[in-house]
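Listing of coords_17.cif, mmCIF, C-alpha atoms
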```cif
data_final
#
loop_
_atom_site.label_atom_id
_atom_site.label_comp_id
_atom_site.auth_asym_id
_atom_site.auth_seq_id
_atom_site.Cartn_x
_atom_site.Cartn_y
_atom_site.Cartn_z
CA MET I 1 82.06 129.23 124.76
CA SER I 2 84.10 127.45 127.37
CA ASN I 3 83.83 123.76 126.58
CA THR I 4 86.70 123.36 124.13
CA PRO I 5 86.74 119.81 122.73
CA GLU I 6 89.66 117.68 123.89
CA GLY I 7 92.70 118.01 121.66
CA TRP I 8 91.61 121.39 120.26
CA GLN I 9 92.86 124.83 121.21
CA GLN I 10 90.58 127.84 121.36
CA ARG I 11 92.21 131.14 120.45
CA ASP I 12 91.37 134.14 118.27
CA ASN I 13 87.71 133.15 118.31
CA ALA I 14 88.30 129.80 116.63
CA LEU I 15 89.03 126.15 117.44
CA HIS I 16 92.38 124.93 116.13
CA ARG I 17 93.99 121.53 115.74
CA GLU I 18 96.89 120.12 113.78
CA PHE I 19 96.99 116.55 112.50
CA ASP I 20 100.04 114.63 111.26
CA PHE I 21 99.82 111.52 109.12
CA ALA I 22 102.25 109.03 107.60
CA ASP I 23 102.23 110.72 104.20
CA PHE I 24 100.18 112.84 101.80
CA SER I 25 97.90 109.98 100.82
CA ALA I 26 96.84 109.36 104.42
CA ALA I 27 96.47 113.10 105.05
CA PHE I 28 94.24 113.61 102.01
CA ALA I 29 92.12 110.55 102.85
CA PHE I 30 91.47 112.20 106.23
CA MET I 31 90.63 115.46 104.47
CA THR I 32 88.11 113.63 102.29
CA ARG I 33 86.40 112.29 105.41
CA VAL I 34 86.37 115.78 106.95
CA ALA I 35 84.90 117.14 103.68
CA MET I 36 82.06 114.61 103.89
CA LEU I 37 81.47 115.56 107.54
CA ALA I 38 81.45 119.24 106.61
CA GLU I 39 78.79 118.70 103.94
CA ARG I 40 76.77 116.59 106.37
CA HIS I 41 76.96 119.30 109.05
CA GLY I 42 76.42 122.12 106.56
CA HIS I 43 79.42 123.71 108.27
CA HIS I 44 82.90 123.93 106.79
CA PRO I 45 86.46 124.29 108.08
CA ASP I 46 89.16 126.76 107.25
CA TRP I 47 92.03 124.41 106.68
CA SER I 48 95.40 123.91 105.09
CA ASN I 49 97.60 121.01 104.12
CA SER I 50 101.29 120.57 103.50
CA TRP I 51 102.40 117.00 102.67
CA ASN I 52 101.45 114.93 105.75
CA ARG I 53 100.15 117.78 107.88
CA VAL I 54 96.59 119.10 108.10
CA ARG I 55 95.68 122.22 110.08
CA ILE I 56 92.02 122.87 110.81
CA SER I 57 90.38 126.00 112.19
CA LEU I 58 86.70 126.13 113.02
CA CYS I 59 84.65 129.23 113.58
CA SER I 60 81.18 130.41 112.67
CA HIS I 61 81.69 133.17 110.11
CA ASP I 62 77.95 133.78 109.88
CA ALA I 63 77.73 134.30 113.65
CA GLY I 64 80.32 137.08 113.48
CA GLY I 65 83.42 134.92 113.55
CA VAL I 66 83.10 133.29 116.94
CA VAL I 67 83.04 129.71 118.19
CA THR I 68 79.52 128.31 118.36
CA GLN I 69 77.99 124.93 119.11
CA ARG I 70 78.26 124.09 115.41
CA ASP I 71 82.05 124.34 115.63
CA ILE I 72 82.14 122.22 118.75
CA ASP I 73 79.93 119.58 117.13
CA LEU I 74 82.08 119.45 113.99
CA ALA I 75 85.27 119.33 116.08
CA HIS I 76 83.89 116.34 117.99
CA ASP I 77 83.04 114.49 114.79
CA ILE I 78 86.47 115.22 113.29
CA SER I 79 88.14 113.93 116.44
CA ALA I 80 85.99 110.80 116.28
CA LEU I 81 87.46 109.96 112.85
CA LEU I 82 90.86 109.55 114.48
CA ASP I 83 89.60 107.51 117.41
CA ALA I 84 87.87 105.14 115.02
CA ALA I 85 91.04 104.67 112.97
CA SER I 86 93.37 104.00 115.89
CA MET B 87 56.90 105.20 92.37
CA SER B 88 56.17 106.66 89.01
CA ASN B 89 58.07 109.95 88.86
CA THR B 90 61.46 108.78 87.58
CA PRO B 91 63.91 111.69 87.51
CA GLU B 92 64.91 112.84 84.03
CA GLY B 93 67.92 111.01 82.70
CA TRP B 94 67.45 108.02 85.00
CA GLN B 95 65.95 104.62 84.20
CA GLN B 96 63.83 102.72 86.66
CA ARG B 97 64.10 98.94 86.45
CA ASP B 98 64.50 96.05 88.87
CA ASN B 99 63.30 98.27 91.70
CA ALA B 100 66.14 100.76 91.37
CA LEU B 101 67.05 104.00 89.60
CA HIS B 102 69.97 103.65 87.19
CA ARG B 103 72.17 106.10 85.34
CA GLU B 104 75.52 105.96 83.60
CA PHE B 105 77.88 108.93 83.42
CA ASP B 106 80.86 109.34 81.09
CA PHE B 107 83.69 111.81 81.69
CA ALA B 108 86.86 112.90 79.92
CA ASP B 109 89.09 110.67 82.00
CA PHE B 110 89.51 108.94 85.36
CA SER B 111 90.38 112.16 87.18
CA ALA B 112 87.14 113.85 86.13
CA ALA B 113 85.15 110.71 86.91
CA PHE B 114 86.58 110.39 90.40
CA ALA B 115 86.07 114.10 91.13
CA PHE B 116 82.39 113.53 90.32
CA MET B 117 82.36 110.48 92.58
CA THR B 118 83.78 112.59 95.40
CA ARG B 119 80.92 115.06 94.98
CA VAL B 120 78.39 112.21 94.96
CA ALA B 121 80.04 110.81 98.11
CA MET B 122 79.57 114.16 99.87
CA LEU B 123 75.94 114.26 98.71
CA ALA B 124 75.40 110.71 99.97
CA GLU B 125 76.71 111.59 103.43
CA ARG B 126 74.58 114.71 103.46
CA HIS B 127 71.48 112.74 102.52
CA GLY B 128 72.32 109.85 104.80
CA HIS B 129 71.58 107.69 101.76
CA HIS B 130 74.21 105.96 99.64
CA PRO B 131 74.47 104.64 96.09
CA ASP B 132 75.42 101.26 94.75
CA TRP B 133 77.93 102.28 92.15
CA SER B 134 80.84 101.22 90.02
CA ASN B 135 83.60 102.89 88.06
CA SER B 136 85.81 101.87 85.19
CA TRP B 137 88.21 104.55 83.94
CA ASN B 138 85.98 107.44 82.75
CA ARG B 139 82.63 105.73 83.36
CA VAL B 140 80.51 105.81 86.51
CA ARG B 141 77.38 103.70 86.90
CA ILE B 142 75.02 104.56 89.75
CA SER B 143 72.06 102.56 91.08
CA LEU B 144 69.79 103.92 93.77
CA CYS B 145 67.36 101.91 95.83
CA SER B 146 66.26 101.87 99.45
CA HIS B 147 67.64 98.64 100.89
CA ASP B 148 66.09 99.35 104.28
CA ALA B 149 62.65 99.73 102.66
CA GLY B 150 62.88 96.25 101.15
CA GLY B 151 64.86 97.16 98.07
CA VAL B 152 62.46 99.47 96.29
CA VAL B 153 62.67 103.01 94.97
CA THR B 154 61.54 105.57 97.55
CA GLN B 155 61.48 109.34 97.76
CA ARG B 156 65.00 109.24 99.21
CA ASP B 157 66.30 107.72 95.96
CA ILE B 158 64.47 110.28 93.89
CA ASP B 159 65.84 113.13 96.00
CA LEU B 160 69.41 111.83 95.76
CA ALA B 161 69.01 111.26 91.99
CA HIS B 162 67.91 114.87 91.57
CA ASP B 163 70.89 116.19 93.52
CA ILE B 164 73.30 114.00 91.57
CA SER B 165 71.83 115.24 88.29
CA ALA B 166 72.17 118.83 89.52
CA LEU B 167 75.95 118.34 89.83
CA LEU B 168 76.14 117.86 86.09
CA ASP B 169 73.88 120.76 85.24
CA ALA B 170 76.00 123.04 87.41
CA ALA B 171 79.20 121.92 85.67
CA SER B 172 77.94 122.34 82.12
CA MET F 173 100.81 84.90 85.59
CA SER F 174 101.13 82.71 88.62
CA ASN F 175 102.21 84.98 91.46
CA THR F 176 98.85 86.19 92.76
CA PRO F 177 99.37 88.78 95.52
CA GLU F 178 98.36 87.62 98.99
CA GLY F 179 94.72 88.32 99.77
CA TRP F 180 93.71 88.54 96.11
CA GLN F 181 91.98 85.90 93.99
CA GLN F 182 92.80 85.38 90.35
CA ARG F 183 89.90 84.26 88.19
CA ASP F 184 88.44 85.18 84.81
CA ASN F 185 91.71 86.85 83.84
CA ALA F 186 91.59 89.41 86.65
CA LEU F 187 92.71 89.92 90.25
CA HIS F 188 89.81 90.34 92.68
CA ARG F 189 89.53 91.47 96.28
CA GLU F 190 86.76 92.67 98.54
CA PHE F 191 87.31 95.15 101.36
CA ASP F 192 84.95 95.89 104.26
CA PHE F 193 85.14 99.03 106.36
CA ALA F 194 83.34 100.47 109.37
CA ASP F 195 81.08 102.67 107.27
CA PHE F 196 80.76 104.57 104.00
CA SER F 197 83.11 107.35 105.09
CA ALA F 198 85.95 104.92 105.80
CA ALA F 199 85.25 103.03 102.57
CA PHE F 200 85.33 106.17 100.45
CA ALA F 201 88.50 107.44 102.14
CA PHE F 202 90.12 104.16 101.07
CA MET F 203 88.76 104.62 97.55
CA THR F 204 90.33 108.08 97.44
CA ARG F 205 93.70 106.58 98.33
CA VAL F 206 93.27 103.89 95.65
CA ALA F 207 92.34 106.63 93.14
CA MET F 208 95.59 108.46 93.92
CA LEU F 209 97.53 105.20 93.54
CA ALA F 210 95.80 104.52 90.23
CA GLU F 211 96.77 107.92 88.84
CA ARG F 212 100.32 107.44 90.09
CA HIS F 213 100.53 104.02 88.42
CA GLY F 214 98.74 105.18 85.28
CA HIS F 215 96.66 102.04 85.76
CA HIS F 216 93.07 101.98 87.01
CA PRO F 217 90.76 99.49 88.70
CA ASP F 218 87.32 98.25 87.80
CA TRP F 219 85.60 98.66 91.11
CA SER F 220 82.31 99.04 92.90
CA ASN F 221 81.10 100.26 96.24
CA SER F 222 78.02 99.65 98.33
CA TRP F 223 77.98 101.38 101.74
CA ASN F 224 81.00 99.96 103.63
CA ARG F 225 82.07 97.45 100.97
CA VAL F 226 84.54 98.00 98.14
CA ARG F 227 85.13 95.38 95.43
CA ILE F 228 88.19 95.81 93.21
CA SER F 229 89.08 93.95 90.02
CA LEU F 230 92.36 94.49 88.25
CA CYS F 231 93.18 93.47 84.71
CA SER F 232 95.06 95.00 81.82
CA HIS F 233 92.43 95.87 79.24
CA ASP F 234 95.06 97.16 76.83
CA ALA F 235 96.90 93.84 77.01
CA GLY F 236 93.79 91.94 75.91
CA GLY F 237 92.14 91.66 79.30
CA VAL F 238 94.66 89.57 81.17
CA VAL F 239 96.58 89.96 84.41
CA THR F 240 99.95 91.61 83.88
CA GLN F 241 102.71 92.86 86.12
CA ARG F 242 100.97 96.24 86.24
CA ASP F 243 97.98 94.63 87.96
CA ILE F 244 100.20 92.81 90.41
CA ASP F 245 102.08 96.01 91.24
CA LEU F 246 98.86 97.95 91.80
CA ALA F 247 97.41 95.11 93.89
CA HIS F 248 100.50 95.17 96.11
CA ASP F 249 100.25 98.93 96.63
CA ILE F 250 96.52 98.71 97.41
CA SER F 251 97.20 95.97 99.95
CA ALA F 252 99.94 98.11 101.50
CA LEU F 253 97.37 100.83 102.27
CA LEU F 254 95.61 98.42 104.61
CA ASP F 255 98.78 97.21 106.30
CA ALA F 256 99.81 100.80 106.96
CA ALA F 257 96.43 101.61 108.54
CA SER F 258 96.30 98.60 110.83
CA MET D 259 113.20 130.80 87.24
CA SER D 260 111.56 133.34 85.01
CA ASN D 261 108.85 131.51 83.12
CA THR D 262 105.94 131.85 85.52
CA PRO D 263 102.93 129.89 84.23
CA GLU D 264 100.00 132.01 83.07
CA GLY D 265 97.59 132.82 85.87
CA TRP D 266 100.15 132.22 88.61
CA GLN D 267 102.13 134.79 90.60
CA GLN D 268 105.70 134.22 91.62
CA ARG D 269 106.70 135.80 94.93
CA ASP D 270 108.59 134.77 98.06
CA ASN D 271 110.18 131.91 96.13
CA ALA D 272 106.90 130.20 95.35
CA LEU D 273 104.15 130.09 92.72
CA HIS D 274 100.75 131.23 93.99
CA ARG D 275 97.24 131.04 92.64
CA GLU D 276 93.77 131.39 94.06
CA PHE D 277 90.75 129.53 92.69
CA ASP D 278 87.08 130.28 93.36
CA PHE D 279 84.29 127.79 92.78
CA ALA D 280 80.50 127.75 93.08
CA ASP D 281 80.54 126.09 96.49
CA PHE D 282 82.48 123.79 98.80
CA SER D 283 81.55 120.67 96.86
CA ALA D 284 83.01 122.03 93.62
CA ALA D 285 86.09 123.31 95.45
CA PHE D 286 86.79 119.99 97.11
CA ALA D 287 86.25 118.07 93.86
CA PHE D 288 88.97 120.27 92.35
CA MET D 289 91.19 119.59 95.36
CA THR D 290 90.72 115.86 94.83
CA ARG D 291 91.92 116.23 91.24
CA VAL D 292 94.91 118.27 92.40
CA ALA D 293 95.66 115.58 95.02
CA MET D 294 95.73 112.93 92.28
CA LEU D 295 98.01 115.14 90.17
CA ALA D 296 100.30 115.67 93.16
CA GLU D 297 100.67 111.95 93.74
CA ARG D 298 101.28 111.40 90.04
CA HIS D 299 103.97 114.10 89.99
CA GLY D 300 105.44 113.02 93.32
CA HIS D 301 105.27 116.73 94.18
CA HIS D 302 102.74 118.29 96.54
CA PRO D 303 101.23 121.72 97.09
CA ASP D 304 101.01 123.87 100.17
CA TRP D 305 97.36 124.78 100.04
CA SER D 306 94.38 125.99 101.97
CA ASN D 307 90.64 126.01 101.54
CA SER D 308 87.81 128.06 102.94
CA TRP D 309 84.33 127.20 101.61
CA ASN D 310 84.51 127.84 97.84
CA ARG D 311 88.07 129.20 97.75
CA VAL D 312 91.28 127.23 97.23
CA ARG D 313 94.72 128.84 97.56
CA ILE D 314 97.70 126.93 96.20
CA SER D 315 101.40 127.63 96.69
CA LEU D 316 104.07 125.63 94.94
CA CYS D 317 107.73 125.52 95.85
CA SER D 318 110.40 122.86 96.04
CA HIS D 319 111.15 122.44 99.74
CA ASP D 320 113.81 119.83 99.02
CA ALA D 321 115.61 122.27 96.67
CA GLY D 322 115.89 124.87 99.44
CA GLY D 323 112.47 126.40 99.08
CA VAL D 324 112.69 127.83 95.59
CA VAL D 325 110.64 127.48 92.42
CA THR D 326 111.91 124.67 90.20
CA GLN D 327 110.75 123.01 87.00
CA ARG D 328 108.73 120.58 89.12
CA ASP D 329 106.62 123.47 90.41
CA ILE D 330 106.13 124.85 86.94
CA ASP D 331 105.09 121.45 85.62
CA LEU D 332 102.59 120.91 88.42
CA ALA D 333 101.24 124.46 88.00
CA HIS D 334 100.64 123.77 84.31
CA ASP D 335 98.78 120.53 85.03
CA ILE D 336 96.65 122.21 87.72
CA SER D 337 95.77 125.01 85.29
CA ALA D 338 94.86 122.42 82.66
CA LEU D 339 92.17 121.01 84.99
CA LEU D 340 90.33 124.30 84.77
CA ASP D 341 90.68 124.65 81.03
CA ALA D 342 89.30 121.14 80.55
CA ALA D 343 86.27 121.90 82.74
CA SER D 344 85.34 125.15 81.06
#
```
Turn the structure described in the file into structure tokens.
Amino acid sequence: MSNTPEGWQQRDNALHREFDFADFSAAFAFMTRVAMLAERHGHHPDWSNSWNRVRISLCSHDAGGVVTQRDIDLAHDISALLDAAS
Amino acid sequence: MSNTPEGWQQRDNALHREFDFADFSAAFAFMTRVAMLAERHGHHPDWSNSWNRVRISLCSHDAGGVVTQRDIDLAHDISALLDAAS
Amino acid sequence: MSNTPEGWQQRDNALHREFDFADFSAAFAFMTRVAMLAERHGHHPDWSNSWNRVRISLCSHDAGGVVTQRDIDLAHDISALLDAAS
Amino acid sequence: MSNTPEGWQQRDNALHREFDFADFSAAFAFMTRVAMLAERHGHHPDWSNSWNRVRISLCSHDAGGVVTQRDIDLAHDISALLDAAS
């Protein structure tokens, strides 16, 4: 799909974004919000964390590992968490 | 409503249950799971925590502060977290 | 003790403060940060949550239920979470 | 260091372990407990999650990226979370 959400990169059939925070506590608080979003959407990220950095990849494994509207919707809601906090 | 979920008490127009864990860490991990459930249901508990103890009350504020099917559904899903862990 | 941290009220032998957030997700993210602080301090709050509101009370149960330096230290670190986010 | 904690593999100057849970909710609850441990230890994992799977790597970046006693201690406490739950 062509409409990659702002701030995300689309490559290797997934949406990718990296987030940096002040420290681990802030990073994990963000992860907790993303976890709640994921459960609400019924759609979950592949993601990693190292100290203050969170890397998120979104793709639809059950659709054959491509980017679908579900990834785009979740990406938008994740991005909205940051807009609300700033 | 009459069908109070097993393990819960219905009084003062709310469902109530108290949960004890080994320590704060286990209690807060449970709270995190309940938080994800609450976001998934779009329905949230009134709850408190002190060390290893979590007290949850469920009522539908927007229905005038009474117990509705939404409370019963959330109570069931909260109870299922414990059954799964034991 | 007399030096109540700014923003907190001291009454009934405990420090009290109420925090309001945009929604449940923001409130629970804050609670997760407080939980990590509590484990780091080895000192835990009595607290409750309803939707976007978090109420925290701090007292030292093991010191006979009074406010000690441990409560003041935790209160300061909790307050610092908000300053950092704003 | 030679004394790799049981259940962990030591390779590429880090301790590694993979954990599988029933679902995302259980996996993220575990991650929340690990996050609290990390803040308590003042030592944080490199980790990733995909649905019910959590992969943790521990090394001491500030010691030049090798395994130190701090990694071994954190690995032990992470392992203890699982023993307590079973």
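Among the candidate residues D:Asp341, D:Asp329, D:Asp335, D:Glu297, the one lying nearest to chain F is D:Glu297, with distances computed using all atoms listed in the file.
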With 12 Å as the limit and counting only C-alpha atoms, what residues in chain B lie close to chain D? Please list them as a short mmCIF file (atom, residue, chain, number, x, y, z; two decimals) with C-alpha atoms, keeping the file's coordinate frame.
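result_14.cif, written as the output of this step:
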```cif
data_model
loop_
_atom_site.label_atom_id
_atom_site.label_comp_id
_atom_site.auth_asym_id
_atom_site.auth_seq_id
_atom_site.Cartn_x
_atom_site.Cartn_y
_atom_site.Cartn_z
CA PHE B 107 83.69 111.81 81.69
CA ALA B 108 86.86 112.90 79.92
CA ASP B 109 89.09 110.67 82.00
CA PHE B 110 89.51 108.94 85.36
CA SER B 111 90.38 112.16 87.18
CA ALA B 112 87.14 113.85 86.13
CA ALA B 113 85.15 110.71 86.91
CA PHE B 114 86.58 110.39 90.40
CA ALA B 115 86.07 114.10 91.13
CA PHE B 116 82.39 113.53 90.32
CA MET B 117 82.36 110.48 92.58
CA THR B 118 83.78 112.59 95.40
CA ARG B 119 80.92 115.06 94.98
CA VAL B 120 78.39 112.21 94.96
CA ALA B 121 80.04 110.81 98.11
CA MET B 122 79.57 114.16 99.87
CA LEU B 123 75.94 114.26 98.71
CA ARG B 126 74.58 114.71 103.46
CA ILE B 164 73.30 114.00 91.57
CA LEU B 167 75.95 118.34 89.83
CA LEU B 168 76.14 117.86 86.09
CA ALA B 170 76.00 123.04 87.41
CA ALA B 171 79.20 121.92 85.67
CA SER B 172 77.94 122.34 82.12
#
```
**OP:** Using CA of Asp12 in chain I and CA of Gly42 in chain I as the two end points, give the distance in Å to one decimal.
**Re:** 22.5 Å
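Once the PyMOL selection byres ((chain I and resi 61) around 12) is applied to this file, the selection holds Asn13, Ala14, His43, His44, Pro45, Asp46, Ser57, Leu58, Cys59, Ser60, Asp62, Ala63, Gly64, Gly65, Val66, Val67, Thr68, Arg70 and Asp71 of chain I; Ser308 and Trp309 of chain D.
Note that CA of Asp192 in chain F and CA of Glu178 in chain F are 16.6 Å apart.
Interatomic distance, CA of Trp8 in chain I to CA of Gln69 in chain I: 14.1 Å.
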Subject >> Selection: 9 Å around Ile314 in chain D, all atoms listed in the file, excl. self and same-chain fewer than 2 positions, as a PyMOL selection string >> reply: chain D and resi 273-277+303-307+312+316
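The closest residue to Arg141 in chain B, picked from B:Gln95, B:Ala166, B:Asp159, B:Ala124 and counting only C-alpha atoms, is B:Gln95.
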